[in-house]
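Visitor: Starting off with a structure, shown below.
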Number of protein chains: 4
Amino acid sequence: MASITLAEAERVLQAAKAKALQIGVRVGITVVDSRGDPVIALKTDGANHFTFDASRGKAHVSAVFGVPSGETAARADSPVFRSLVMMEGGRLIFSIGAVPLKQGSEVIGAIGVGGATGEQDEEIARAGAAVL
Amino acid sequence: MASITLAEAERVLQAAKAKALQIGVRVGITVVDSRGDPVIALKTDGANHFTFDASRGKAHVSAVFGVPSGETAARADSPVFRSLVMMEGGRLIFSIGAVPLKQGSEVIGAIGVGGATGEQDEEIARAGAAVL
Amino acid sequence: MASITLAEAERVLQAAKAKALQIGVRVGITVVDSRGDPVIALKTDGANHFTFDASRGKAHVSAVFGVPSGETAARADSPVFRSLVMMEGGRLIFSIGAVPLKQGSEVIGAIGVGGATGEQDEEIARAGAAVL
Amino acid sequence: MASITLAEAERVLQAAKAKALQIGVRVGITVVDSRGDPVIALKTDGANHFTFDASRGKAHVSAVFGVPSGETAARADSPVFRSLVMMEGGRLIFSIGAVPLKQGSEVIGAIGVGGATGEQDEEIARAGAAVL
């Protein structure tokens, strides 16, 4: 299973950070590998402490299911997803703000963002994903 | 990030307690700093044991999001907030009864109240916040 | 079962706080009732965030067992105490720093302190207990 | 309470990463603020998934107690530290590998490393801290 390298993840993260600063919002940003494990993450100055783990929870969903986390939100209340969230102690978030990172058709990771509106979070994530 | 001092928090707490006694309700009251960590807290005579931690859970929400906790209640069932509650082991409450404490436009903490009706809880919290 | 009132607990807390400031240490202080539930608690300026819950964990032990928490430390590793700590999710601490509050021979609560050395913690707790 | 900025934390992280690559070990590295909340973190290519959260757990200890986490290791088995670890669901590690970040005498954060030997972890952390 191909997975994102740290060098690639750093480029994705920096592009997302630049977009967040341009929009003027305070967020947490996490890039995860194809398994959903974090490779690199940050929280911009003044972002609240939840944003760091929230961005990770969205990215995990997006990497595992291979779609933007927002596409899973309608099923967030399903018994399966509720149980998965519980298994992870809440560290899994079926909500808008993350997109998969792909190499051709293969998912090699995901980037998740938390702290702004859901739409802004996803816009920032897409700005990061665009550099690959 | 500026945060409330103990001396300020004590004044806030005493004002809120006076309001609770005046209304005649039994409550828990917690003042937290800008990160959501508790600075001072009490439970009035006869209040049930849950009120102590419930007031803290509301105050945490209000400090982190910078708004009265009641304004977050409509989204309490959202996947993001449900995951945050689970990450905190239930010690985060998206419900009416807490208000932020501000210095100018900056949030320096919050006061949360639990044990009466939601409206009374918030009235008591606002009486505390008014002394700053 | 007689239990401490908020008015009494406030006097105990203030005396302990005064002692902590006199010694010059940063601590969390919690007064609990005879059941071990918190009545009032604070954290002095600059004390780390763990001190708030740590003082509560010691006070809980002291109220329930009716002895200074330091006297239970030798058995902290026993299977019973380890299981109790786990039941409480770590919010129970068998270590020096708390003393029971008594009315005659009856335990009406306890005061716990955390953040300084164990001996200083207990000295501060005793200063609080002395006002009753 | 002053706390590290993202810009400072990025410089610290990059210096630590360079040291890890120079030594030739695979590690997780986390920089936290003065409260112990993560600001930025990464995992080098091939490091196992635990290294990310392990580096955070050590950094949290170092920031809160203001000393290298290795200096707390002798007391890791004390009732107080065991209870704190449990309260944090294991996300607190009293073991060598993290050092505080200071501005004069004030702790503004910490850097933690996990994945190599304890001595190498601390060497990498110190290389990061040296840039401030």
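As shown in the structure tokens, the chain order sets the letters A, B, ...; within each chain, residues go from 1, and ligands are also counted from 1 in the order they appear.
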Dump as an MDAnalysis selection string the residues of chain B that approach chain C to within 12 Å, counting only C-alpha atoms.

Guide: chainID B and resid 3:10 13:14 17 26:33 35:53 56 89

Visitor: Contacts of stretch 93-104 of chain B at 8 Å or less, counting only C-alpha atoms, minus same-chain residues fewer than 4 places along, as an NGL selection string?

Guide: :B and (54-55 or 57-63 or 66-73 or 75-76 or 81 or 85 or 108-114 or 118-123 or 125-126 or 129 or 132)

Visitor: Can I get the selection written as a PDB file, in the first residue's frame, with C-alpha atoms?

Guide:
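Produced file selection15.pdb, reproduced below:
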ATOM      1  CA  ALA B  54     -21.556  19.814  34.987  1.00  0.00           C
ATOM      2  CA  SER B  55     -20.792  23.487  35.586  1.00  0.00           C
ATOM      3  CA  GLY B  57     -18.239  21.091  31.330  1.00  0.00           C
ATOM      4  CA  LYS B  58     -20.353  24.061  30.269  1.00  0.00           C
ATOM      5  CA  ALA B  59     -17.668  26.589  31.204  1.00  0.00           C
ATOM      6  CA  HIS B  60     -15.078  24.678  29.147  1.00  0.00           C
ATOM      7  CA  VAL B  61     -17.298  24.973  26.052  1.00  0.00           C
ATOM      8  CA  SER B  62     -17.903  28.668  26.612  1.00  0.00           C
ATOM      9  CA  ALA B  63     -14.211  29.503  27.078  1.00  0.00           C
ATOM     10  CA  GLY B  66     -15.965  32.284  23.141  1.00  0.00           C
ATOM     11  CA  VAL B  67     -19.765  32.354  23.239  1.00  0.00           C
ATOM     12  CA  PRO B  68     -22.494  31.495  25.761  1.00  0.00           C
ATOM     13  CA  SER B  69     -22.695  27.695  25.864  1.00  0.00           C
ATOM     14  CA  GLY B  70     -26.411  27.965  25.079  1.00  0.00           C
ATOM     15  CA  GLU B  71     -25.545  29.211  21.603  1.00  0.00           C
ATOM     16  CA  THR B  72     -23.774  25.910  20.894  1.00  0.00           C
ATOM     17  CA  ALA B  73     -26.700  23.741  22.027  1.00  0.00           C
ATOM     18  CA  ARG B  75     -25.204  21.810  17.299  1.00  0.00           C
ATOM     19  CA  ALA B  76     -24.740  19.561  20.354  1.00  0.00           C
ATOM     20  CA  PHE B  81     -19.272  18.101  19.005  1.00  0.00           C
ATOM     21  CA  VAL B  85     -17.496  15.194  24.152  1.00  0.00           C
ATOM     22  CA  ILE B 108      -9.933  35.375  29.403  1.00  0.00           C
ATOM     23  CA  GLY B 109     -12.104  32.557  30.757  1.00  0.00           C
ATOM     24  CA  ALA B 110     -15.707  31.530  31.320  1.00  0.00           C
ATOM     25  CA  ILE B 111     -18.185  30.838  34.095  1.00  0.00           C
ATOM     26  CA  GLY B 112     -20.505  27.841  34.007  1.00  0.00           C
ATOM     27  CA  VAL B 113     -23.458  26.911  36.217  1.00  0.00           C
ATOM     28  CA  GLY B 114     -25.445  23.678  36.570  1.00  0.00           C
ATOM     29  CA  GLY B 118     -30.981  26.275  31.981  1.00  0.00           C
ATOM     30  CA  GLU B 119     -32.271  29.837  32.004  1.00  0.00           C
ATOM     31  CA  GLN B 120     -31.557  30.214  35.713  1.00  0.00           C
ATOM     32  CA  ASP B 121     -28.101  28.687  35.256  1.00  0.00           C
ATOM     33  CA  GLU B 122     -27.271  31.286  32.608  1.00  0.00           C
ATOM     34  CA  GLU B 123     -28.749  34.124  34.688  1.00  0.00           C
ATOM     35  CA  ALA B 125     -23.465  32.902  35.213  1.00  0.00           C
ATOM     36  CA  ARG B 126     -24.223  36.363  33.836  1.00  0.00           C
ATOM     37  CA  ALA B 129     -19.570  37.757  34.635  1.00  0.00           C
ATOM     38  CA  LEU B 132     -15.508  42.069  35.675  1.00  0.00           C
TER      39      LEU B 132
END

Visitor: Quick one: distance from atom CA of C:Gly128 to atom CA of C:Val107 in Å, one decimal?

Guide: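 The value is 15.0 Å.
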
Visitor: Residues near C:Met87, anyone? I mean within 12 Å using only C-alpha atoms, not counting same-chain ones fewer than 6 positions away, as an MDAnalysis selection string.

Guide: (chainID C and resid 80:81) or (chainID D and resid 83 86:87)

Visitor: Take the residues from that selection and put them in a file with N, CA and C atoms, as an mmCIF file, in the first residue's frame.

Guide:
data_model
loop_
_atom_site.group_PDB
_atom_site.id
_atom_site.type_symbol
_atom_site.label_atom_id
_atom_site.label_comp_id
_atom_site.auth_asym_id
_atom_site.auth_seq_id
_atom_site.Cartn_x
_atom_site.Cartn_y
_atom_site.Cartn_z
ATOM 1 N N VAL C 80 -6.552 -3.848 45.822
ATOM 2 C CA VAL C 80 -7.804 -3.136 46.097
ATOM 3 C C VAL C 80 -7.692 -1.669 45.692
ATOM 4 N N PHE C 81 -6.676 -1.013 46.182
ATOM 5 C CA PHE C 81 -6.537 0.423 45.879
ATOM 6 C C PHE C 81 -6.311 0.647 44.388
ATOM 7 N N SER D 83 -1.828 8.074 38.745
ATOM 8 C CA SER D 83 -3.199 8.581 38.622
ATOM 9 C C SER D 83 -3.309 9.610 37.495
ATOM 10 N N MET D 86 -3.479 7.895 34.223
ATOM 11 C CA MET D 86 -4.802 7.296 34.021
ATOM 12 C C MET D 86 -5.844 8.358 33.664
ATOM 13 N N MET D 87 -5.795 9.512 34.353
ATOM 14 C CA MET D 87 -6.723 10.612 34.042
ATOM 15 C C MET D 87 -6.611 11.024 32.575
#

Visitor: Taking only stretch 1-43 of chain B into account, list the residues labelled strand (DSSP E) by DSSP (computed from the backbone), as a VMD selection string.

Guide: chain B and resid 28 to 33 38 to 43

Visitor: Distance atom CA of A:Leu92-atom CA of B:Arg82, one decimal place?

Guide: 10.2 Å
